[in-house]
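Read the structure below first, then the notes.
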Amino acid sequence: MTRLVRDFFEVEDQVSLDHMIDLLSAVRDRLPEGAEDAKVRMCGDDVFGRRLTVSYLRPQTADEAARDARYHGGQLSIAA
């Protein structure tokens, strides 16, 4: 079974519109193969600032799958 992992990019606020368009275009171009339904959200508030977050689902990498396999079924394996 292939699991999907949520991954994201954050873009700081207070940038020019041209810079924001360039950043979002670069993020779109770098989305990995199999990334599905990328979404853009604005997070934050007036006190701590706002960020644009681009999130998407992607297939798990081999390293991530191996790590999940070690902890499958609630069994913890501590390697030295």
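Just so we're on the same page: first chain in the structure tokens is A, next is B, and so on; residues restart at 1 for each chain, and ligands are numbered from 1 in the order they show up.
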
Excluding Met20 (chain A) and its own-chain neighbours fewer than 5 positions away, which residues fall within 12 Å of it when counting only C-alpha atoms? Please give them as a list in words.
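Those residues are Glu10, Val11, Glu12, Asp13, Gln14, Val15, Ser25, Ala26, Val27, Arg51 and Leu52 of chain A.
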
Output file for the selection above: C-alpha atoms, as a PDB file, in the first residue's frame:
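Okay, this is what ended up in part_23.pdb:
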ATOM      1  CA  GLU A  10       5.682  28.568   3.283  1.00  0.00           C
ATOM      2  CA  VAL A  11       6.057  31.971   1.663  1.00  0.00           C
ATOM      3  CA  GLU A  12       6.707  34.993   3.901  1.00  0.00           C
ATOM      4  CA  ASP A  13       4.441  38.019   3.715  1.00  0.00           C
ATOM      5  CA  GLN A  14       5.545  41.530   2.781  1.00  0.00           C
ATOM      6  CA  VAL A  15       6.940  40.781  -0.671  1.00  0.00           C
ATOM      7  CA  SER A  25       5.543  29.666 -10.144  1.00  0.00           C
ATOM      8  CA  ALA A  26       8.829  28.179  -8.914  1.00  0.00           C
ATOM      9  CA  VAL A  27       6.983  26.117  -6.277  1.00  0.00           C
ATOM     10  CA  ARG A  51       2.182  33.330   5.585  1.00  0.00           C
ATOM     11  CA  LEU A  52       0.997  31.716   2.413  1.00  0.00           C
TER      12      LEU A  52
END

Identify, on the basis of only C-alpha atoms, every residue whose closest approach to region 59-68 of chain A does not exceed 6 Å; exclude the query and any residue fewer than 5 positions from it along the same chain; express the result as JSON, numbers by chain.
{"A": [3, 4, 5]}

Determine which residues of chain A DSSP labels as alpha helix (DSSP H) from the backbone of this structure, then write them out as a ChimeraX atom specification.
/A:17-30,62-70
